[in-house]
Structure formats: C-alpha cells, structure tokens
Amino acid sequence: MTDDPDPRTFAERLLSFDTTDGDEFPAQDWLEGQLSDFGFETYRWEADPKCLAVSPSFPDDPEEIETAGRPNVAGVLELGSGVGSTVLLNGHVDVVPAEVDQWSSDPFEPTWDGDRLVARGAADMKCGLVACVFAARRLADADLDGHVIVESVVGEEAGGIGAASSVRESPYPFEPDAGIVAEPTDLTPVIATEGSLMKRLALSGRSAHAATPWHGESVLPHFERIHQALAEFERKRTHEVTHPLYEEFPRPWPIVAGTVEAGSWASSVPARLESEFRIGVAPGETVAEVERRVDSLLAELVADSEWLTEHSPRFERFSVQFEPAEIDPDEPIVRAVRHALDTAGHDSTPRGATYGTDARHYIAAGIPTVVFGPGSVQQAHFPDESIDWTEVSSGIDLLESAGRAFLTGSTP
C-alpha cells in the first residue's frame, strides 16, 4: 500500500460533498477514485427498484424508489493468499437535509473546534466510513489471509437502498462472512436495533362556519381520541414487551405523531386531518405483527364512534418500513469487536439501540453484522453536527483490531 494520506484531510473532503439523499453521485465518484488509488479493486452498482419493490420494507411501486444516478461503491482488498474469511465494513454516504439557518457555519464546509469536527454527516456517518477505509488499509499491510470489503452505500436514510441491493443482487464474486456497520455508537457494540412501522392516518369530518360549529364535525376530537389511545398502547407495550438490552430506555418502543395537518381555514371547522406516525417495533417482533395490533386498536375506536363508523378513517403504510434486527452476542464478529475493545481497555458490553440501521439487511441475508463506530447518535440529524476526532482515530484502531481478530479467528 502507498503511504496513508491524512485521515483528517480525507474526512474533510468527503464531508465537503453535499450528499443529501439523492445527491450522492459526486461524492461516490470521488470515493471510488480514492479507493482505486489506494489499491482496492472497486465495484459500482445502482439498485434495481423492481428488485427492492418485492420487499415489504419498500413501497410496492418501483417508481417510488429513487435509485437512478445514485451509485453505490465498494473496494475489495485481497489479503495474503485470499483464502480465508471475508469481513465487510459498511457505511452510508447519504445525509439528511440541513436547516442552514440553525447552523453556525455552512454545513458542507467542515470546520474544526480543536479536535471537534463540525459538518453535516460528521457523526452520521461519513467519519465512520472514513474509519472503515483506513482500518481496511491497515489490514492490507498485516500478515492476514482473506478479504476485506469497504462498502459505501446510498439511501440509508430512505430505508437502506444500497445495502438492500448489496445483499439481494451481490456485486461481489464472494459473499461476506460477517459485517460491521460503522454507525455512531460511541464505540460500543450494538447487537440489537429497533424496527419502525410508518403509518399515515387520514380523517374526514364536516366543515362549517366557525361561528356555528355545531353544524359541522371537527376532526380534532377524533384525532385526540386516536392519539391518546396510541399513547396508552405505547405505555402498555413498555411493560408487556421486554428485552434485556432495552431496559435503560424510558420509552423503548415509542409511537410518535411526527406530522399533523388539519383544516383549511381559520374560520372553518376542520374537516380534514392527516397525520404520519412512526411506531417502534421491538427485536423479536415483526412490522406486520405490530401493524395488526395498531390496526385492531383503530378498528375498536371506529366501532365505538358513529361518525367514524360512517366515515371510515384511512390508516395506511407509507415510505419504508424498518424491520428490527438482532444477533447472538457469541457470534464471532461480535466477539472480535469485544476483544478489540477489551484489549484497548474500553467497555465492551453489548447494547441495543432504538433506531434502525442497514445491519438489518445483512442479518436478514444470513450475514452476522454488528453496529459499531465512532460518534454519538445524539449528534445525528442535529444542527452543528459534530464528532470528536480522537474517537475517529480510536475507531480506526479498533476496527483494524476487530478485523484482525475476526480474520484470524483469535477471539476468546
């Protein structure tokens, strides 16, 4: 391998690309060139929306899944003889939109405050991807056999477009034996991730002049009943659905009405309402199972209301669904990460997360995958998003150590 460039400079350049969902091409083109220059055998592919549409996680209509002009790229390094295991190091290059007026500086002009790097994507999760690249390069200089893949995918924020396509139509001549998704976990191993059901509620009332509201039927009391019933459903699930990795969370399976739009005029009784819900799904459950329960709850509320019985609400899926995922803490890739942490004197206790990641796609495909990377999820999607560079440096060391332990089978 050639001499390492400065990882800080590499990260700054990657962060300077505006890769808001759908605009990943320039960054991916640059990254593919960098991987090639580093000696990786590179791969580039676009997801097939027809292939993704057959999955219950994605919309049924392929035209609703935007993949054109959104390449995924990867680099593969053959280690030693090449005969041995293959470890996949994964990151996504897409980022969520930045509310520029809430930032202290341009979100796509990286700035430093001592060791803290500020930019959209610094934590979620371009610096994790940078750590994967540099850890893989170090593995190439070690006395190892097998392969290491560094994968930069698109559309993670839109359900995992690149990761899902990677396992459904593998671009590689071999299958990974295990993976690490370098999302921000504060350098702790996450072996369980929550799922989410996305549902859109539409209610119909009857408009009337606000001076004589008794002639109309406001949708707001009906929505309040439904909202309160879902809140009570969440509270019951907190006690009924338990998991040892989620005891620390006050609301392990949250239900949130993220958007609510009602009415059309201040002087009219609101006759239309639409609300979008995110409903948490615990590891061990399925999206379909939780959906049946919330649909049944709504059916009971409708049956108790003459108006709703005659004006049936719509409660339908929208966007993408995240299935929960979990792997056994005794999987070799988990033991490899924990061994790296133990050796470096860090806490290696496996944890659960209330968010979803691309790991679920690999786990569903039979590829044991742990979520492990630098940065905090509390910085994700946040104004002035930042990461402590010392944690990125540690992440490079730990990913290298974990990769070495996995490839040599030297975990306890």
# chains A, B, ... in the order shown; residues from 1 in each chain; ligands from 1

$ select_by_dssp --residues "segment 93-326 of chain A" --states "helix (DSSP H, G or I)" --output "PDB file with C-alpha atoms, in the first residue's frame"
ATOM      1  CA  VAL A 100     -28.934  26.087   7.282  1.00  0.00           C
ATOM      2  CA  ASP A 101     -30.433  28.849   9.420  1.00  0.00           C
ATOM      3  CA  GLN A 102     -29.855  26.706  12.530  1.00  0.00           C
ATOM      4  CA  ALA A 122     -19.649  14.179  10.628  1.00  0.00           C
ATOM      5  CA  ALA A 123     -21.301  11.746  13.049  1.00  0.00           C
ATOM      6  CA  ASP A 124     -23.926  10.193  10.774  1.00  0.00           C
ATOM      7  CA  MET A 125     -21.868   8.754   9.318  1.00  0.00           C
ATOM      8  CA  LYS A 126     -19.122   9.825   6.978  1.00  0.00           C
ATOM      9  CA  CYS A 127     -16.420   9.720   9.646  1.00  0.00           C
ATOM     10  CA  GLY A 128     -17.424   6.131  10.385  1.00  0.00           C
ATOM     11  CA  LEU A 129     -16.965   5.412   6.694  1.00  0.00           C
ATOM     12  CA  VAL A 130     -13.556   7.099   6.780  1.00  0.00           C
ATOM     13  CA  ALA A 131     -12.610   4.880   9.733  1.00  0.00           C
ATOM     14  CA  CYS A 132     -13.585   1.826   7.661  1.00  0.00           C
ATOM     15  CA  VAL A 133     -11.359   2.901   4.761  1.00  0.00           C
ATOM     16  CA  PHE A 134      -8.283   3.479   6.898  1.00  0.00           C
ATOM     17  CA  ALA A 135      -8.790   0.386   9.046  1.00  0.00           C
ATOM     18  CA  ALA A 136      -9.016  -1.720   5.876  1.00  0.00           C
ATOM     19  CA  ARG A 137      -5.794  -0.208   4.531  1.00  0.00           C
ATOM     20  CA  ARG A 138      -4.012  -1.199   7.715  1.00  0.00           C
ATOM     21  CA  LEU A 139      -5.346  -4.742   7.446  1.00  0.00           C
ATOM     22  CA  ALA A 140      -3.829  -4.914   3.958  1.00  0.00           C
ATOM     23  CA  GLU A 156     -29.740   4.505   4.117  1.00  0.00           C
ATOM     24  CA  GLU A 157     -31.875   7.377   5.353  1.00  0.00           C
ATOM     25  CA  ALA A 158     -34.540   6.224   2.859  1.00  0.00           C
ATOM     26  CA  ILE A 161     -31.499   1.225  -0.720  1.00  0.00           C
ATOM     27  CA  GLY A 162     -27.817   0.439  -1.261  1.00  0.00           C
ATOM     28  CA  ALA A 163     -27.463  -2.141   1.500  1.00  0.00           C
ATOM     29  CA  ALA A 164     -30.635  -3.973   0.470  1.00  0.00           C
ATOM     30  CA  SER A 165     -29.416  -4.148  -3.120  1.00  0.00           C
ATOM     31  CA  SER A 166     -25.998  -5.348  -1.992  1.00  0.00           C
ATOM     32  CA  VAL A 167     -27.448  -8.468  -0.401  1.00  0.00           C
ATOM     33  CA  ARG A 168     -30.246  -9.054  -2.939  1.00  0.00           C
ATOM     34  CA  PRO A 213     -69.508  24.969  14.719  1.00  0.00           C
ATOM     35  CA  TRP A 214     -72.386  22.773  15.902  1.00  0.00           C
ATOM     36  CA  HIS A 215     -73.396  22.340  12.276  1.00  0.00           C
ATOM     37  CA  LEU A 220     -59.752  17.177  16.098  1.00  0.00           C
ATOM     38  CA  PRO A 221     -61.636  15.343  18.882  1.00  0.00           C
ATOM     39  CA  HIS A 222     -61.486  12.146  16.820  1.00  0.00           C
ATOM     40  CA  PHE A 223     -57.752  12.577  16.319  1.00  0.00           C
ATOM     41  CA  GLU A 224     -57.242  13.277  20.028  1.00  0.00           C
ATOM     42  CA  ARG A 225     -59.007  10.011  20.933  1.00  0.00           C
ATOM     43  CA  ILE A 226     -56.868   8.055  18.487  1.00  0.00           C
ATOM     44  CA  HIS A 227     -53.676   9.806  19.576  1.00  0.00           C
ATOM     45  CA  GLN A 228     -54.397   9.140  23.247  1.00  0.00           C
ATOM     46  CA  ALA A 229     -55.243   5.506  22.540  1.00  0.00           C
ATOM     47  CA  LEU A 230     -51.932   5.026  20.721  1.00  0.00           C
ATOM     48  CA  ALA A 231     -50.101   6.718  23.614  1.00  0.00           C
ATOM     49  CA  GLU A 232     -51.743   4.282  26.035  1.00  0.00           C
ATOM     50  CA  PHE A 233     -50.851   1.423  23.692  1.00  0.00           C
ATOM     51  CA  GLU A 234     -47.212   2.559  23.859  1.00  0.00           C
ATOM     52  CA  ARG A 235     -47.303   2.688  27.678  1.00  0.00           C
ATOM     53  CA  LYS A 236     -48.687  -0.844  27.864  1.00  0.00           C
ATOM     54  CA  ARG A 237     -46.077  -2.135  25.453  1.00  0.00           C
ATOM     55  CA  THR A 238     -43.325  -0.632  27.607  1.00  0.00           C
ATOM     56  CA  HIS A 239     -44.292  -3.138  30.318  1.00  0.00           C
ATOM     57  CA  GLU A 240     -45.553  -6.030  28.196  1.00  0.00           C
ATOM     58  CA  PRO A 244     -32.760  -7.080  28.386  1.00  0.00           C
ATOM     59  CA  LEU A 245     -30.887  -4.663  26.114  1.00  0.00           C
ATOM     60  CA  TYR A 246     -33.660  -2.054  26.264  1.00  0.00           C
ATOM     61  CA  VAL A 287     -43.507  -4.956  11.483  1.00  0.00           C
ATOM     62  CA  ALA A 288     -46.552  -6.910  10.287  1.00  0.00           C
ATOM     63  CA  GLU A 289     -47.287  -8.168  13.811  1.00  0.00           C
ATOM     64  CA  VAL A 290     -47.261  -4.681  15.331  1.00  0.00           C
ATOM     65  CA  GLU A 291     -49.269  -3.327  12.408  1.00  0.00           C
ATOM     66  CA  ARG A 292     -52.026  -5.866  13.059  1.00  0.00           C
ATOM     67  CA  ARG A 293     -52.225  -4.699  16.670  1.00  0.00           C
ATOM     68  CA  VAL A 294     -52.461  -0.977  15.888  1.00  0.00           C
ATOM     69  CA  ASP A 295     -54.966  -1.644  13.097  1.00  0.00           C
ATOM     70  CA  SER A 296     -57.079  -3.652  15.551  1.00  0.00           C
ATOM     71  CA  LEU A 297     -56.879  -0.809  18.077  1.00  0.00           C
ATOM     72  CA  LEU A 298     -58.102   1.686  15.490  1.00  0.00           C
ATOM     73  CA  ALA A 299     -60.914  -0.676  14.459  1.00  0.00           C
ATOM     74  CA  GLU A 300     -62.138  -0.735  18.078  1.00  0.00           C
ATOM     75  CA  LEU A 301     -62.157   3.069  18.224  1.00  0.00           C
ATOM     76  CA  VAL A 302     -64.037   3.267  14.948  1.00  0.00           C
ATOM     77  CA  ALA A 303     -66.643   0.781  16.184  1.00  0.00           C
ATOM     78  CA  GLU A 306     -70.985   6.546  14.988  1.00  0.00           C
ATOM     79  CA  TRP A 307     -69.213   9.228  12.955  1.00  0.00           C
ATOM     80  CA  LEU A 308     -66.049   7.185  12.332  1.00  0.00           C
ATOM     81  CA  THR A 309     -68.131   4.121  11.506  1.00  0.00           C
ATOM     82  CA  GLU A 310     -69.891   6.098   8.786  1.00  0.00           C
TER      83      GLU A 310
END

$ residues_around --residues "Ile149 of chain A" --least-positions-apart "2" --cutoff "7 Å" --atoms "only C-alpha atoms" --output "list in words"
Ala74, Gly75, Val76, Leu77, Val87, Leu88, Leu89, His147 and Glu151 of chain A

$ closest_residue --among "A:Lys50, A:Arg8, A:Arg70, A:Arg272" --to "Ile387 of chain A" --atoms "only C-alpha atoms"
A:Arg8

$ residues_around --residues "Ile327 of chain A" --least-positions-apart "4" --cutoff "7 Å" --atoms "only C-alpha atoms" --output "list in words"
Ile191, Ala192 and Pro368 of chain A

$ write_last_selection --atoms "N, CA and C atoms" --output "short mmCIF file (atom, residue, chain, number, x, y, z; two decimals), in the first residue's frame"
data_model
loop_
_atom_site.label_atom_id
_atom_site.label_comp_id
_atom_site.auth_asym_id
_atom_site.auth_seq_id
_atom_site.Cartn_x
_atom_site.Cartn_y
_atom_site.Cartn_z
N ILE A 191 -25.86 -4.82 19.19
CA ILE A 191 -26.21 -6.10 18.58
C ILE A 191 -27.72 -6.24 18.36
N ALA A 192 -28.49 -5.23 18.75
CA ALA A 192 -29.94 -5.24 18.53
C ALA A 192 -30.37 -3.84 18.12
N PRO A 368 -23.98 -12.26 9.73
CA PRO A 368 -23.94 -11.66 11.08
C PRO A 368 -23.27 -10.29 11.04
#

$ residues_around --residues "segment 352-357 of chain A" --least-positions-apart "6" --cutoff "9 Å" --atoms "only C-alpha atoms" --output "ChimeraX atom specification"
/A:156-157,159-160,181,183,185,189-196,244-246,249,252-254,280,282,322-326,371

$ write_last_selection --atoms "C-alpha atoms" --output "PDB file, in the first residue's frame"
ATOM      1  CA  GLU A 156     -29.740   4.505   4.117  1.00  0.00           C
ATOM      2  CA  GLU A 157     -31.875   7.377   5.353  1.00  0.00           C
ATOM      3  CA  GLY A 159     -34.649   2.659   4.113  1.00  0.00           C
ATOM      4  CA  GLY A 160     -31.332   1.183   3.069  1.00  0.00           C
ATOM      5  CA  VAL A 181     -21.813  -1.189  10.111  1.00  0.00           C
ATOM      6  CA  GLU A 183     -22.849   3.939  12.532  1.00  0.00           C
ATOM      7  CA  THR A 185     -22.416   4.030  18.663  1.00  0.00           C
ATOM      8  CA  PRO A 189     -21.077  -2.793  20.161  1.00  0.00           C
ATOM      9  CA  VAL A 190     -24.772  -2.646  19.244  1.00  0.00           C
ATOM     10  CA  ILE A 191     -26.213  -6.099  18.578  1.00  0.00           C
ATOM     11  CA  ALA A 192     -29.940  -5.238  18.526  1.00  0.00           C
ATOM     12  CA  THR A 193     -31.641  -2.468  16.583  1.00  0.00           C
ATOM     13  CA  GLU A 194     -35.269  -1.421  16.725  1.00  0.00           C
ATOM     14  CA  GLY A 195     -37.666  -1.545  13.827  1.00  0.00           C
ATOM     15  CA  SER A 196     -40.274   1.013  12.839  1.00  0.00           C
ATOM     16  CA  PRO A 244     -32.760  -7.080  28.386  1.00  0.00           C
ATOM     17  CA  LEU A 245     -30.887  -4.663  26.114  1.00  0.00           C
ATOM     18  CA  TYR A 246     -33.660  -2.054  26.264  1.00  0.00           C
ATOM     19  CA  PHE A 249     -34.711   3.367  27.761  1.00  0.00           C
ATOM     20  CA  PRO A 252     -38.214   1.594  24.370  1.00  0.00           C
ATOM     21  CA  TRP A 253     -40.911   1.288  21.659  1.00  0.00           C
ATOM     22  CA  PRO A 254     -42.039   4.884  21.079  1.00  0.00           C
ATOM     23  CA  GLY A 280     -41.461   1.325  17.301  1.00  0.00           C
ATOM     24  CA  ALA A 282     -39.032  -4.440  19.248  1.00  0.00           C
ATOM     25  CA  PHE A 322     -37.615  -0.944   9.188  1.00  0.00           C
ATOM     26  CA  GLU A 323     -37.646  -4.496  10.479  1.00  0.00           C
ATOM     27  CA  PRO A 324     -35.865  -4.936  13.830  1.00  0.00           C
ATOM     28  CA  ALA A 325     -32.667  -6.942  13.891  1.00  0.00           C
ATOM     29  CA  GLU A 326     -30.592  -8.812  16.446  1.00  0.00           C
ATOM     30  CA  VAL A 371     -23.183  -1.956  14.567  1.00  0.00           C
TER      31      VAL A 371
END

$ atom_distance --atom1 "atom CA of Glu78 of chain A" --atom2 "atom CA of Asp145 of chain A"
7.6 Å

$ residues_around --residues "Ala211 of chain A" --least-positions-apart "4" --cutoff "12 Å" --atoms "only C-alpha atoms" --output "PyMOL selection string"
chain A and resi 207+215-216+266-269

$ write_last_selection --atoms "C-alpha atoms" --output "PDB file, in the first residue's frame"
ATOM      1  CA  SER A 207     -66.888  21.706   7.503  1.00  0.00           C
ATOM      2  CA  HIS A 215     -73.396  22.340  12.276  1.00  0.00           C
ATOM      3  CA  GLY A 216     -70.058  20.710  11.486  1.00  0.00           C
ATOM      4  CA  ALA A 266     -59.143  29.592  10.455  1.00  0.00           C
ATOM      5  CA  SER A 267     -62.827  30.440  10.331  1.00  0.00           C
ATOM      6  CA  SER A 268     -63.989  26.927   9.402  1.00  0.00           C
ATOM      7  CA  VAL A 269     -64.483  23.744  11.368  1.00  0.00           C
TER       8      VAL A 269
END

$ closest_residue --among "A:Glu169, A:Asp94, A:Asp6, A:Asp177" --to "Val148 of chain A" --atoms "only C-alpha atoms"
A:Asp177

$ residues_around --residues "Glu46 of chain A" --least-positions-apart "4" --cutoff "7 Å" --atoms "only C-alpha atoms" --output "number ranges by chain"
A: 67-68, 70-72

$ residues_around --residues "Trp112 of chain A" --least-positions-apart "6" --cutoff "10 Å" --atoms "only C-alpha atoms" --output "number ranges by chain"
A: 12, 118-119, 386-389

$ write_last_selection --atoms "C-alpha atoms" --output "PDB file, in the first residue's frame"
ATOM      1  CA  GLU A  12     -12.824  16.989   5.285  1.00  0.00           C
ATOM      2  CA  VAL A 118     -18.315  20.100  12.585  1.00  0.00           C
ATOM      3  CA  ALA A 119     -20.218  19.312   9.370  1.00  0.00           C
ATOM      4  CA  SER A 386     -20.004  17.176  15.147  1.00  0.00           C
ATOM      5  CA  ILE A 387     -17.645  14.393  16.148  1.00  0.00           C
ATOM      6  CA  ASP A 388     -14.582  14.226  18.372  1.00  0.00           C
ATOM      7  CA  TRP A 389     -11.668  13.296  16.122  1.00  0.00           C
TER       8      TRP A 389
END

$ atom_distance --atom1 "atom CA of Asp37 of chain A" --atom2 "atom CA of Pro7 of chain A"
14.8 Å

$ atom_distance --atom1 "atom CA of Gly39 of chain A" --atom2 "atom CA of Asn90 of chain A"
18.0 Å

$ select_by_dssp --residues "segment 92-330 of chain A" --states "strand (DSSP E)" --output "PyMOL selection string"
chain A and resi 92+111-113+116-118+146-153+178-181+190-193+195-204+255-262+272-281+314-317+325-326

$ closest_residue --among "A:Gly366, A:Gly263, A:Gly146, A:Pro107" --to "Gly80 of chain A" --atoms "only C-alpha atoms"
A:Gly146

$ closest_residue --among "A:Thr286, A:Ser393, A:Thr86, A:Ser312" --to "Tyr172 of chain A" --atoms "only C-alpha atoms"
A:Thr86

$ closest_residue --among "A:Val150, A:Val256, A:Val219, A:Ala336" --to "Val370 of chain A" --atoms "only C-alpha atoms"
A:Ala336
